[in-house]
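**Student:** Got my_file_33.pdb for you, PDB, C-alpha atoms:
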ATOM      1  CA  MET K1121       0.000   0.000   0.000
ATOM      2  CA  ASN K1122       1.285   3.471  -0.822
ATOM      3  CA  SER K1123       2.687   5.322   2.176
ATOM      4  CA  ILE K1124       0.959   8.595   1.224
ATOM      5  CA  GLY K1125      -2.536   9.552   0.213
ATOM      6  CA  LYS K1126      -4.409   7.429   2.735
ATOM      7  CA  ARG K1127      -8.199   7.619   2.709
ATOM      8  CA  VAL K1128      -9.536   7.056   6.218
ATOM      9  CA  LEU K1129     -13.032   6.452   7.614
ATOM     10  CA  VAL K1130     -14.045   7.072  11.239
ATOM     11  CA  SER K1131     -17.486   6.023  12.419
ATOM     12  CA  GLY K1132     -18.711   7.679  15.599
ATOM     13  CA  GLY K1133     -16.186  10.494  15.312
ATOM     14  CA  GLY K1134     -18.520  12.899  17.122
ATOM     15  CA  GLY K1135     -18.226  10.958  20.351
ATOM     16  CA  PHE K1136     -15.774  12.272  22.896
ATOM     17  CA  LEU K1137     -13.146   9.604  22.180
ATOM     18  CA  GLY K1138     -13.941   9.625  18.466
ATOM     19  CA  ALA K1139     -13.282  13.358  18.274
ATOM     20  CA  TYR K1140      -9.919  12.987  19.990
ATOM     21  CA  LEU K1141      -9.060  10.183  17.578
ATOM     22  CA  CYS K1142      -9.943  12.405  14.601
ATOM     23  CA  ASP K1143      -7.575  15.033  16.001
ATOM     24  CA  GLU K1144      -4.779  12.473  16.251
ATOM     25  CA  LEU K1145      -5.375  11.189  12.730
ATOM     26  CA  LEU K1146      -5.274  14.694  11.283
ATOM     27  CA  ARG K1147      -1.808  15.169  12.774
ATOM     28  CA  ARG K1148      -0.581  12.539  10.327
ATOM     29  CA  GLY K1149       0.974  13.764   7.101
ATOM     30  CA  ASP K1150       0.102  10.659   5.094
ATOM     31  CA  ILE K1151      -3.690  11.162   5.148
ATOM     32  CA  GLU K1152      -5.338  12.581   2.033
ATOM     33  CA  LEU K1153      -8.958  12.347   3.240
ATOM     34  CA  LEU K1154     -10.597  11.723   6.604
ATOM     35  CA  VAL K1155     -14.325  11.014   6.438
ATOM     36  CA  CYS K1156     -16.131  11.131   9.784
ATOM     37  CA  VAL K1157     -19.588   9.501   9.842
ATOM     38  CA  ASP K1158     -21.837  10.164  12.826
ATOM     39  CA  ASN K1159     -25.596  10.309  13.336
ATOM     40  CA  PHE K1160     -25.090  12.361  16.532
ATOM     41  CA  TRP K1161     -27.339  10.099  18.569
ATOM     42  CA  THR K1162     -24.858  10.294  21.437
ATOM     43  CA  GLY K1163     -22.017  12.266  19.811
ATOM     44  CA  LEU K1164     -21.873  16.057  19.645
ATOM     45  CA  GLU K1165     -21.189  18.231  16.635
ATOM     46  CA  ALA K1166     -19.467  20.634  19.036
ATOM     47  CA  ASN K1167     -16.747  18.014  19.563
ATOM     48  CA  LEU K1168     -15.705  18.465  15.920
ATOM     49  CA  ALA K1169     -16.482  22.146  15.390
ATOM     50  CA  HIS K1170     -12.878  23.205  15.997
ATOM     51  CA  ILE K1171     -11.509  21.154  13.072
ATOM     52  CA  ASP K1172     -10.355  23.364  10.220
ATOM     53  CA  ASP K1173      -8.638  20.995   7.826
ATOM     54  CA  ALA K1174      -9.387  20.649   4.121
ATOM     55  CA  ARG K1175      -8.833  16.909   4.382
ATOM     56  CA  PHE K1176     -11.712  16.485   6.846
ATOM     57  CA  ARG K1177     -15.235  15.655   5.693
ATOM     58  CA  LEU K1178     -18.178  15.206   8.076
ATOM     59  CA  VAL K1179     -21.168  13.096   7.026
ATOM     60  CA  ARG K1180     -24.310  12.939   9.176
ATOM     61  CA  SER K1181     -25.552   9.376   8.795
ATOM     62  CA  ASP K1182     -26.017   6.051  10.517
ATOM     63  CA  ILE K1183     -22.897   4.090   9.664
ATOM     64  CA  GLU K1184     -25.096   1.201   8.500
ATOM     65  CA  ALA K1185     -26.692   3.486   5.893
ATOM     66  CA  PHE K1186     -23.499   5.227   4.789
ATOM     67  CA  ARG K1187     -22.722   4.860   1.100
ATOM     68  CA  SER K1188     -19.575   5.932  -0.707
ATOM     69  CA  ASP K1189     -17.666   5.279  -3.905
ATOM     70  CA  ILE K1190     -14.434   5.612  -1.947
ATOM     71  CA  ASP K1191     -12.346   2.608  -0.993
ATOM     72  CA  PHE K1192     -10.828   3.389   2.410
ATOM     73  CA  HIS K1193      -7.317   2.344   3.344
ATOM     74  CA  GLU K1194      -8.090   2.508   7.065
ATOM     75  CA  ALA K1195     -11.340   2.396   9.026
ATOM     76  CA  TYR K1196     -11.944   3.118  12.714
ATOM     77  CA  HIS K1197     -15.272   1.844  14.050
ATOM     78  CA  LEU K1198     -16.435   3.698  17.173
ATOM     79  CA  ALA K1199     -20.133   4.127  16.320
ATOM     80  CA  SER K1200     -21.985   2.902  19.393
ATOM     81  CA  PRO K1201     -23.417   4.361  22.587
ATOM     82  CA  ALA K1202     -21.238   3.377  25.546
ATOM     83  CA  SER K1203     -23.458   4.426  28.446
ATOM     84  CA  PRO K1204     -26.103   2.056  29.896
ATOM     85  CA  PRO K1205     -28.985   4.576  29.870
ATOM     86  CA  TRP K1206     -28.394   5.215  26.173
ATOM     87  CA  TYR K1207     -27.878   1.676  24.903
ATOM     88  CA  MET K1208     -30.631   0.278  27.117
ATOM     89  CA  SER K1209     -33.055   2.812  25.625
ATOM     90  CA  ASP K1210     -32.710   1.395  22.092
ATOM     91  CA  PRO K1211     -31.113  -2.064  22.017
ATOM     92  CA  GLY K1212     -31.861  -2.657  18.345
ATOM     93  CA  ARG K1213     -30.158   0.551  17.296
ATOM     94  CA  THR K1214     -27.188  -0.248  19.538
ATOM     95  CA  MET K1215     -26.705  -3.711  18.109
ATOM     96  CA  SER K1216     -27.097  -2.444  14.561
ATOM     97  CA  ALA K1217     -24.506   0.309  15.050
ATOM     98  CA  ASN K1218     -21.913  -2.195  16.208
ATOM     99  CA  LEU K1219     -22.496  -5.295  14.103
ATOM    100  CA  VAL K1220     -24.263  -4.072  10.962
ATOM    101  CA  GLY K1221     -22.027  -1.007  11.015
ATOM    102  CA  ALA K1222     -18.960  -3.245  10.971
ATOM    103  CA  MET K1223     -20.384  -5.229   8.058
ATOM    104  CA  ARG K1224     -20.933  -2.018   6.134
ATOM    105  CA  ILE K1225     -17.421  -0.763   6.842
ATOM    106  CA  LEU K1226     -15.897  -4.024   5.632
ATOM    107  CA  GLU K1227     -17.632  -3.450   2.296
ATOM    108  CA  LEU K1228     -15.975  -0.026   2.047
ATOM    109  CA  LEU K1229     -12.483  -1.185   2.933
ATOM    110  CA  ALA K1230      -9.892  -1.284   0.157
ATOM    111  CA  PRO K1231      -8.078  -4.574  -0.461
ATOM    112  CA  GLY K1232      -5.378  -4.861   2.169
ATOM    113  CA  GLY K1233      -6.981  -2.089   4.238
ATOM    114  CA  ARG K1234      -6.870  -1.997   8.019
ATOM    115  CA  MET K1235      -9.963  -2.309  10.219
ATOM    116  CA  CYS K1236      -9.741  -0.962  13.785
ATOM    117  CA  PHE K1237     -12.571  -1.605  16.236
ATOM    118  CA  THR K1238     -13.126  -0.113  19.686
ATOM    119  CA  SER K1239     -14.546  -2.946  21.709
ATOM    120  CA  THR K1240     -15.069  -2.773  25.445
ATOM    121  CA  SER K1241     -14.297  -4.305  28.809
ATOM    122  CA  GLU K1242     -18.018  -5.103  28.899
ATOM    123  CA  VAL K1243     -17.227  -8.227  26.852
ATOM    124  CA  TYR K1244     -15.988  -9.667  30.175
ATOM    125  CA  GLY K1245     -19.410  -9.211  31.783
ATOM    126  CA  ASP K1246     -19.407  -9.429  35.591
ATOM    127  CA  PRO K1247     -15.959 -10.980  35.798
ATOM    128  CA  ALA K1248     -15.016 -13.867  38.051
ATOM    129  CA  VAL K1249     -11.304 -13.039  37.715
ATOM    130  CA  SER K1250      -9.452  -9.794  38.335
ATOM    131  CA  PRO K1251      -7.602  -8.268  36.629
ATOM    132  CA  GLN K1252      -9.154  -9.400  33.357
ATOM    133  CA  PRO K1253      -6.705 -10.721  30.715
ATOM    134  CA  GLU K1254      -7.591 -10.802  27.020
ATOM    135  CA  THR K1255      -7.858 -14.599  27.255
ATOM    136  CA  TYR K1256     -10.702 -14.402  29.785
ATOM    137  CA  ARG K1257     -13.922 -15.413  28.050
ATOM    138  CA  GLY K1258     -16.168 -13.480  30.364
ATOM    139  CA  SER K1259     -19.446 -13.925  32.197
ATOM    140  CA  VAL K1260     -22.112 -12.181  30.142
ATOM    141  CA  ASP K1261     -25.870 -12.686  30.447
ATOM    142  CA  CYS K1262     -27.109 -12.728  26.854
ATOM    143  CA  THR K1263     -30.696 -12.062  28.040
ATOM    144  CA  GLY K1264     -29.855  -9.338  30.573
ATOM    145  CA  PRO K1265     -30.522  -5.595  30.379
ATOM    146  CA  ARG K1266     -26.929  -4.801  29.325
ATOM    147  CA  SER K1267     -26.808  -7.488  26.662
ATOM    148  CA  SER K1268     -27.478  -5.309  23.616
ATOM    149  CA  TYR K1269     -24.162  -3.551  24.179
ATOM    150  CA  ASP K1270     -22.131  -6.429  25.607
ATOM    151  CA  GLU K1271     -23.220  -8.987  23.054
ATOM    152  CA  SER K1272     -23.085  -6.709  20.032
ATOM    153  CA  LYS K1273     -19.473  -5.893  20.903
ATOM    154  CA  ARG K1274     -18.717  -9.582  21.340
ATOM    155  CA  ALA K1275     -20.487 -10.483  18.099
ATOM    156  CA  THR K1276     -18.631  -7.751  16.217
ATOM    157  CA  GLU K1277     -15.336  -9.060  17.545
ATOM    158  CA  ALA K1278     -16.346 -12.531  16.349
ATOM    159  CA  LEU K1279     -17.223 -11.213  12.880
ATOM    160  CA  LEU K1280     -13.939  -9.358  12.539
ATOM    161  CA  PHE K1281     -11.666 -12.102  13.816
ATOM    162  CA  GLU K1282     -13.418 -14.639  11.595
ATOM    163  CA  THR K1283     -13.061 -12.269   8.647
ATOM    164  CA  ARG K1284      -9.357 -12.080   9.404
ATOM    165  CA  ARG K1285      -9.176 -15.887   9.514
ATOM    166  CA  THR K1286     -11.097 -16.413   6.279
ATOM    167  CA  ARG K1287     -10.045 -13.359   4.247
ATOM    168  CA  GLY K1288      -6.797 -12.153   5.792
ATOM    169  CA  LEU K1289      -8.199  -8.905   7.204
ATOM    170  CA  ASP K1290      -5.629  -6.512   8.681
ATOM    171  CA  LEU K1291      -7.291  -6.086  12.078
ATOM    172  CA  ARG K1292      -6.836  -4.262  15.374
ATOM    173  CA  VAL K1293      -9.373  -4.664  18.206
ATOM    174  CA  ALA K1294      -8.983  -2.578  21.377
ATOM    175  CA  ARG K1295     -10.980  -3.364  24.511
ATOM    176  CA  LEU K1296     -11.376  -0.036  26.299
ATOM    177  CA  PHE K1297     -11.893   0.301  30.049
ATOM    178  CA  ASN K1298     -13.898   3.187  31.547
ATOM    179  CA  ALA K1299     -12.649   6.241  29.689
ATOM    180  CA  TYR K1300     -13.637   9.732  30.845
ATOM    181  CA  GLY K1301     -12.627  13.329  30.287
ATOM    182  CA  PRO K1302     -13.515  16.592  28.532
ATOM    183  CA  ARG K1303     -15.982  16.472  25.607
ATOM    184  CA  MET K1304     -18.277  14.015  27.436
ATOM    185  CA  ARG K1305     -21.956  14.854  27.369
ATOM    186  CA  GLU K1306     -23.413  16.309  30.536
ATOM    187  CA  ASP K1307     -26.204  13.721  30.233
ATOM    188  CA  ASP K1308     -23.824  10.941  29.235
ATOM    189  CA  GLY K1309     -25.009   8.664  32.042
ATOM    190  CA  ARG K1310     -21.639   7.263  33.103
ATOM    191  CA  ALA K1311     -20.315   7.748  36.622
ATOM    192  CA  VAL K1312     -17.722  10.517  36.237
ATOM    193  CA  SER K1313     -19.813  12.770  34.009
ATOM    194  CA  ASN K1314     -22.913  12.107  36.119
ATOM    195  CA  PHE K1315     -21.163  12.998  39.360
ATOM    196  CA  ILE K1316     -19.586  16.162  37.951
ATOM    197  CA  ALA K1317     -22.748  17.403  36.244
ATOM    198  CA  GLN K1318     -24.828  16.774  39.358
ATOM    199  CA  ALA K1319     -22.290  18.467  41.623
ATOM    200  CA  LEU K1320     -21.969  21.568  39.442
ATOM    201  CA  ARG K1321     -25.754  21.911  39.220
ATOM    202  CA  GLY K1322     -25.972  21.689  42.998
ATOM    203  CA  ASP K1323     -27.886  18.419  42.850
ATOM    204  CA  PRO K1324     -27.152  15.417  45.052
ATOM    205  CA  ILE K1325     -24.428  13.110  43.707
ATOM    206  CA  THR K1326     -26.185   9.836  43.048
ATOM    207  CA  ILE K1327     -24.596   6.431  43.624
ATOM    208  CA  PHE K1328     -26.420   3.292  42.583
ATOM    209  CA  GLY K1329     -25.777   0.513  45.078
ATOM    210  CA  ASP K1330     -23.238   0.832  47.888
ATOM    211  CA  GLY K1331     -20.503   2.324  45.696
ATOM    212  CA  LYS K1332     -18.071  -0.506  46.397
ATOM    213  CA  GLN K1333     -18.165  -1.596  42.763
ATOM    214  CA  SER K1334     -14.757  -0.764  41.306
ATOM    215  CA  ARG K1335     -13.683   0.567  37.928
ATOM    216  CA  SER K1336     -10.438   1.487  36.165
ATOM    217  CA  TRP K1337     -10.679   5.168  35.293
ATOM    218  CA  GLY K1338      -8.677   6.056  32.184
ATOM    219  CA  TYR K1339      -8.309   9.712  31.217
ATOM    220  CA  ALA K1340      -9.161  10.392  27.562
ATOM    221  CA  SER K1341      -5.710  11.526  26.408
ATOM    222  CA  ASP K1342      -4.073   8.407  27.866
ATOM    223  CA  ILE K1343      -6.621   6.102  26.257
ATOM    224  CA  VAL K1344      -6.389   7.802  22.864
ATOM    225  CA  GLU K1345      -2.582   7.696  22.970
ATOM    226  CA  GLY K1346      -2.828   3.939  23.518
ATOM    227  CA  MET K1347      -5.317   3.641  20.660
ATOM    228  CA  ALA K1348      -3.085   5.610  18.285
ATOM    229  CA  ARG K1349      -0.030   3.527  19.130
ATOM    230  CA  TYR K1350      -1.942   0.250  18.783
ATOM    231  CA  PHE K1351      -3.958   1.179  15.703
ATOM    232  CA  TRP K1352      -1.220   2.713  13.535
ATOM    233  CA  ARG K1353       1.975   3.984  15.162
ATOM    234  CA  ASP K1354       3.700   0.921  16.608
ATOM    235  CA  THR K1355       4.698  -2.401  15.068
ATOM    236  CA  PHE K1356       4.443  -5.634  17.007
ATOM    237  CA  ASP K1357       3.857  -9.369  16.712
ATOM    238  CA  TYR K1358       0.502  -9.587  18.521
ATOM    239  CA  ASP K1359      -2.781 -10.455  16.804
ATOM    240  CA  GLY K1360      -5.156  -8.929  19.368
ATOM    241  CA  PRO K1361      -7.478  -8.102  21.029
ATOM    242  CA  LEU K1362      -5.788  -5.664  23.397
ATOM    243  CA  ASN K1363      -6.866  -4.250  26.738
ATOM    244  CA  LEU K1364      -6.403  -0.478  27.047
ATOM    245  CA  GLY K1365      -7.175   1.142  30.359
ATOM    246  CA  ASN K1366      -5.954   2.135  33.788
ATOM    247  CA  ASP K1367      -5.016  -0.772  36.053
ATOM    248  CA  ARG K1368      -5.500   1.335  39.182
ATOM    249  CA  GLU K1369      -8.812  -0.027  40.423
ATOM    250  CA  VAL K1370     -10.894   2.521  42.366
ATOM    251  CA  PRO K1371     -14.375   2.163  43.927
ATOM    252  CA  VAL K1372     -17.175   4.297  42.555
ATOM    253  CA  LEU K1373     -17.774   5.763  46.031
ATOM    254  CA  GLU K1374     -14.196   7.091  46.167
ATOM    255  CA  ILE K1375     -14.736   8.900  42.868
ATOM    256  CA  ALA K1376     -17.997  10.425  44.097
ATOM    257  CA  GLU K1377     -16.335  11.563  47.330
ATOM    258  CA  TYR K1378     -13.492  13.170  45.384
ATOM    259  CA  VAL K1379     -15.899  15.036  43.092
ATOM    260  CA  SER K1380     -17.814  16.140  46.184
ATOM    261  CA  LYS K1381     -14.622  17.431  47.801
ATOM    262  CA  VAL K1382     -13.369  19.333  44.739
ATOM    263  CA  THR K1383     -16.717  20.919  43.876
ATOM    264  CA  GLY K1384     -17.786  21.638  47.452
ATOM    265  CA  ASN K1385     -21.033  19.719  46.972
ATOM    266  CA  GLY K1386     -21.117  17.388  49.955
ATOM    267  CA  ARG K1387     -24.415  15.677  49.269
ATOM    268  CA  ILE K1388     -24.099  12.029  48.210
ATOM    269  CA  VAL K1389     -27.228   9.918  48.032
ATOM    270  CA  PHE K1390     -27.604   6.199  47.464
ATOM    271  CA  GLU K1391     -30.161   4.598  45.176
ATOM    272  CA  PRO K1392     -30.919   0.904  44.556
ATOM    273  CA  PRO K1393     -28.248  -0.845  42.486
ATOM    274  CA  LEU K1394     -28.575  -0.941  38.737
ATOM    275  CA  PRO K1395     -29.434  -4.350  37.259
ATOM    276  CA  GLN K1396     -26.372  -6.522  36.664
ATOM    277  CA  ASP K1397     -23.937  -3.702  37.351
ATOM    278  CA  PRO K1398     -20.513  -5.420  37.263
ATOM    279  CA  SER K1399     -18.749  -5.673  40.608
ATOM    280  CA  ASN K1400     -15.311  -4.845  39.244
ATOM    281  CA  ARG K1401     -13.330  -3.756  36.205
ATOM    282  CA  CYS K1402      -9.537  -3.906  35.999
ATOM    283  CA  PRO K1403      -7.469  -4.627  32.894
ATOM    284  CA  ASP K1404      -4.564  -7.019  32.826
ATOM    285  CA  LEU K1405      -2.072  -4.900  30.863
ATOM    286  CA  THR K1406       0.666  -7.505  30.461
ATOM    287  CA  ILE K1407       0.327  -7.594  26.675
ATOM    288  CA  ALA K1408      -0.107  -3.822  26.313
ATOM    289  CA  ARG K1409       3.103  -3.248  28.256
ATOM    290  CA  ARG K1410       4.949  -5.681  25.991
ATOM    291  CA  ILE K1411       3.800  -4.383  22.615
ATOM    292  CA  LEU K1412       3.430  -0.678  23.552
ATOM    293  CA  PRO K1413       6.484  -0.172  25.782
ATOM    294  CA  GLY K1414       6.258   2.912  27.949
ATOM    295  CA  TRP K1415       2.509   3.397  27.484
ATOM    296  CA  SER K1416       0.308   3.663  30.552
ATOM    297  CA  CYS K1417      -2.588   5.648  31.928
ATOM    298  CA  GLY K1418      -0.286   8.065  33.682
ATOM    299  CA  ILE K1419      -2.888  10.683  34.594
ATOM    300  CA  SER K1420      -4.308   9.880  38.028
ATOM    301  CA  TYR K1421      -8.034  10.043  38.580
ATOM    302  CA  GLU K1422      -7.453  12.974  40.932
ATOM    303  CA  ASP K1423      -5.720  14.951  38.178
ATOM    304  CA  GLY K1424      -8.054  13.771  35.410
ATOM    305  CA  ILE K1425     -11.228  14.505  37.338
ATOM    306  CA  GLY K1426      -9.874  17.930  38.260
ATOM    307  CA  ARG K1427      -9.292  18.687  34.568
ATOM    308  CA  THR K1428     -12.726  17.345  33.662
ATOM    309  CA  ILE K1429     -14.426  19.450  36.340
ATOM    310  CA  ASP K1430     -12.623  22.536  35.027
ATOM    311  CA  TRP K1431     -13.803  21.735  31.506
ATOM    312  CA  PHE K1432     -17.425  21.196  32.581
ATOM    313  CA  ARG K1433     -17.365  24.454  34.527
ATOM    314  CA  ALA K1434     -15.986  26.338  31.532
ATOM    315  CA  ARG K1435     -18.506  24.702  29.211
ATOM    316  CA  LEU K1436     -21.421  25.707  31.412
ATOM    317  CA  ALA K1437     -20.068  29.258  31.589
ATOM    318  CA  ASP K1438     -19.107  29.700  27.911
ATOM    319  CA  PRO K1439     -19.913  26.798  25.555
ATOM    320  CA  GLU K1440     -18.731  28.666  22.458
ATOM    321  CA  ARG K1441     -15.212  29.136  23.806
ATOM    322  CA  LEU K1442     -14.760  25.388  24.232
ATOM    323  CA  VAL K1443     -16.074  24.689  20.748
ATOM    324  CA  ALA K1444     -13.542  27.059  19.247
ATOM    325  CA  ALA K1445     -10.714  25.600  21.326
ATOM    326  CA  GLY K1446     -11.465  21.984  20.536
ATOM    327  CA  GLY K1447     -12.896  20.890  23.834
ATOM    328  CA  GLY K1448      -9.807  20.776  26.064
TER     329      GLY K1448
END
Can the structure in the file be given as structure tokens, please?
**Tutor:**
Amino acid sequence: MNSIGKRVLVSGGGGFLGAYLCDELLRRGDIELLVCVDNFWTGLEANLAHIDDARFRLVRSDIEAFRSDIDFHEAYHLASPASPPWYMSDPGRTMSANLVGAMRILELLAPGGRMCFTSTSEVYGDPAVSPQPETYRGSVDCTGPRSSYDESKRATEALLFETRRTRGLDLRVARLFNAYGPRMREDDGRAVSNFIAQALRGDPITIFGDGKQSRSWGYASDIVEGMARYFWRDTFDYDGPLNLGNDREVPVLEIAEYVSKVTGNGRIVFEPPLPQDPSNRCPDLTIARRILPGWSCGISYEDGIGRTIDWFRARLADPERLVAAGGG
């Protein structure tokens, strides 16, 4: 494949991680065209409004319905809600975005092109082992309330790895763990954004369950740096999938208490636990450390949450300034 003039497709580029990934891709000098496809169901046009690059083209569309005469040299599939309130609200749309979207992208990929898929730690379900290695097959309830997301990610992984086996697809699959940071929606529905938005509005900070459930909180810039290195920058001898996340495991209650402390909103309330909320999330990063030497989630949750609070405050005070600046 020619080293210059790459045509690249990003689905879900309006999401907060997708927008950061578009920024990283546009720093490359070998890209001729970057087409971002997003229906803005959960993404935000504001996340992309700062981009001023003649190579960038934004298309408002479901990825499943996207049509193009272009054969893409690289494709990055991020089109899916990642927050339980969103994917539970429309399971059919969630499953279609992941699986049917991947099928559509494969049709648009040039011969020898690379397919990169952002999967999730949710493929491990409510894990019986911790930390979770890539070899762990998981404990997912295929009839449960989270299944549209969990199983569509698992099914998409199956499709892509089988396509690699049968057709020689150049494939990268990243399993992301609990990313957060600027450019998240205020109504995103995940813990960090929920806690911050509630605290800044002066509302009680709501914890579902006792808050002892643990997560690995990865700041956006660390996660996207890992994605960029895995998807295109580094060379290695590993076939995937790859865990990307922070292996510092922290209870949800500790995060809520930190947000409460920083914002000065001391009210934390407890609600009944969410159905099948996993008890823990922690990536085994043995393989990531081997193939991406030096990479880690180096930004602590204390630092990352402080930055995210500052961004939310600034957004509430002056949304246009953050759009112009690219979202922080």
**Student:** Mind running region 1270-1306 of chain K against region 1402-1424 of chain K at 10 Å and telling me each contacting residue's nearest atom pair with the distance in Å (one decimal), counting only C-alpha atoms, chain and number ascending, as CSV?
**Tutor:**
residue,atom,partner,partner_atom,distance
K:Arg1295,CA,K:Pro1403,CA,9.2
K:Leu1296,CA,K:Pro1403,CA,8.9
K:Phe1297,CA,K:Pro1403,CA,7.2
K:Asn1298,CA,K:Cys1402,CA,9.4
K:Tyr1300,CA,K:Gly1424,CA,8.3
K:Gly1301,CA,K:Gly1424,CA,6.9
K:Pro1302,CA,K:Gly1424,CA,9.2
**Student:** Please build the interface table for region 1170-1241 of chain K against region 1138-1156 of chain K with a cut-off of 9 Å, listing for each qualifying residue the nearest atom pair and the distance in Å to one decimal; count only C-alpha atoms, order rows by chain and increasing number, and write it as JSON lines.
**Tutor:**
{"residue": "K:Ile1171", "atom": "CA", "partner": "K:Asp1143", "partner_atom": "CA", "distance": 7.8}
{"residue": "K:Asp1173", "atom": "CA", "partner": "K:Leu1146", "partner_atom": "CA", "distance": 7.9}
{"residue": "K:Ala1174", "atom": "CA", "partner": "K:Leu1153", "partner_atom": "CA", "distance": 8.4}
{"residue": "K:Arg1175", "atom": "CA", "partner": "K:Leu1153", "partner_atom": "CA", "distance": 4.7}
{"residue": "K:Phe1176", "atom": "CA", "partner": "K:Leu1154", "partner_atom": "CA", "distance": 4.9}
{"residue": "K:Arg1177", "atom": "CA", "partner": "K:Val1155", "partner_atom": "CA", "distance": 4.8}
{"residue": "K:Leu1178", "atom": "CA", "partner": "K:Cys1156", "partner_atom": "CA", "distance": 4.9}
{"residue": "K:Val1179", "atom": "CA", "partner": "K:Cys1156", "partner_atom": "CA", "distance": 6.1}
{"residue": "K:Arg1180", "atom": "CA", "partner": "K:Cys1156", "partner_atom": "CA", "distance": 8.4}
{"residue": "K:Tyr1196", "atom": "CA", "partner": "K:Gly1138", "partner_atom": "CA", "distance": 8.9}
{"residue": "K:Leu1198", "atom": "CA", "partner": "K:Gly1138", "partner_atom": "CA", "distance": 6.6}
{"residue": "K:Ala1199", "atom": "CA", "partner": "K:Gly1138", "partner_atom": "CA", "distance": 8.6}
**Student:** Apply the PyMOL selection byres ((chain K and resi 1360) around 7) to the displayed file and report the matching residues as a PDB file with C-alpha atoms, in the coordinates of the input.
**Tutor:**
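Heads up, here's the output in expr00.pdb:
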ATOM      1  CA  ARG K1292      -6.836  -4.262  15.374  1.00  0.00           C
ATOM      2  CA  VAL K1293      -9.373  -4.664  18.206  1.00  0.00           C
ATOM      3  CA  TYR K1358       0.502  -9.587  18.521  1.00  0.00           C
ATOM      4  CA  ASP K1359      -2.781 -10.455  16.804  1.00  0.00           C
ATOM      5  CA  PRO K1361      -7.478  -8.102  21.029  1.00  0.00           C
ATOM      6  CA  LEU K1362      -5.788  -5.664  23.397  1.00  0.00           C
TER       7      LEU K1362
END
**Student:** Just the residues within 9 Å of region 1221-1227 of chain K, please, counting only C-alpha atoms, with nothing from its chain fewer than 3 positions along; format it as a CSV table (one decimal) with C-alpha atoms, in the coordinates of the input.
**Tutor:**
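Saved to around.csv:
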chain,number,residue,atom,x,y,z
K,1129,LEU,CA,-13.0,6.5,7.6
K,1131,SER,CA,-17.5,6.0,12.4
K,1182,ASP,CA,-26.0,6.1,10.5
K,1183,ILE,CA,-22.9,4.1,9.7
K,1184,GLU,CA,-25.1,1.2,8.5
K,1185,ALA,CA,-26.7,3.5,5.9
K,1186,PHE,CA,-23.5,5.2,4.8
K,1187,ARG,CA,-22.7,4.9,1.1
K,1191,ASP,CA,-12.3,2.6,-1.0
K,1192,PHE,CA,-10.8,3.4,2.4
K,1195,ALA,CA,-11.3,2.4,9.0
K,1196,TYR,CA,-11.9,3.1,12.7
K,1197,HIS,CA,-15.3,1.8,14.0
K,1199,ALA,CA,-20.1,4.1,16.3
K,1215,MET,CA,-26.7,-3.7,18.1
K,1216,SER,CA,-27.1,-2.4,14.6
K,1217,ALA,CA,-24.5,0.3,15.0
K,1218,ASN,CA,-21.9,-2.2,16.2
K,1230,ALA,CA,-9.9,-1.3,0.2
K,1235,MET,CA,-10.0,-2.3,10.2
K,1237,PHE,CA,-12.6,-1.6,16.2
K,1276,THR,CA,-18.6,-7.8,16.2
K,1279,LEU,CA,-17.2,-11.2,12.9
K,1280,LEU,CA,-13.9,-9.4,12.5
**Student:** To verify the selection step, state as a PyMOL selection string which residues the PyMOL selection byres ((chain K and resi 1209) around 12) yields on this input.
**Tutor:** chain K and resi 1161-1162+1201-1208+1210-1215+1265-1266+1268-1269+1309
**Student:** Find, counting all atoms listed in the file, the residue in K:Gly1163, K:Gly1384, K:Gly1338, K:Pro1395 that gets nearest to Pro1324 (chain K).
**Tutor:**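 Smallest distance to Pro1324 (chain K) is found for K:Gly1384.
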**Student:** Report as a ChimeraX atom specification the residues that result from applying the PyMOL selection byres ((chain K and resi 1313-1315) around 10) to the structure here.
**Tutor:** /K:1300-1312,1316-1320,1323-1327,1375-1380,1388,1425,1428-1429,1432
**Student:** Pick out the closest residue to Phe1351 (chain K) from this set: K:Arg1257, K:Arg1234, K:Arg1435, K:Arg1387. Count all atoms listed in the file.
**Tutor:**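 Nearest to Phe1351 (chain K): K:Arg1234.
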**Student:** Between K:Leu1219, K:Ala1340, K:Ala1169, K:Val1128, which has the minimum distance to Ser1239 (chain K) (counting only C-alpha atoms)?
**Tutor:** K:Leu1219
**Student:** Using Å and a single decimal, report how far CA of Leu1364 (chain K) sits from CA of Tyr1256 (chain K).
**Tutor:**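 These two atoms are separated by 14.8 Å.
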**Student:** Measuring between all atoms listed in the file, which one of K:Thr1263, K:Gln1252, K:Arg1127, K:Ala1166 shows the shortest distance to Leu1229 (chain K)?
**Tutor:**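 Smallest distance to Leu1229 (chain K) is found for K:Arg1127.
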**Student:** Between CA of Thr1240 (chain K) and CA of Gly1331 (chain K), what distance in Å does the model show, to one decimal?
**Tutor:** 21.6 Å
**Student:** Find the residues near Pro1398 (chain K): any atom within 12 Å, counting only C-alpha atoms, skip ones fewer than 4 places away on the same chain, and give them as a ChimeraX atom specification.
**Tutor:** /K:1204,1241-1250,1258-1261,1266,1270,1328-1329,1331-1335,1371-1372,1393-1394,1402
**Student:** What is the distance between CA of Ser1399 (chain K) and CA of Ala1294 (chain K), in Å to one decimal?
**Tutor:**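 Distance between the two atoms: 21.8 Å.
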**Student:** When distances are computed from all atoms listed in the file, which of K:Leu1137, K:Asp1357, K:Glu1369, K:Phe1281 shows the smallest separation from Asp1342 (chain K)?
**Tutor:**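 Looking only at the distances to Asp1342 (chain K), the closest residue turns out to be K:Leu1137.
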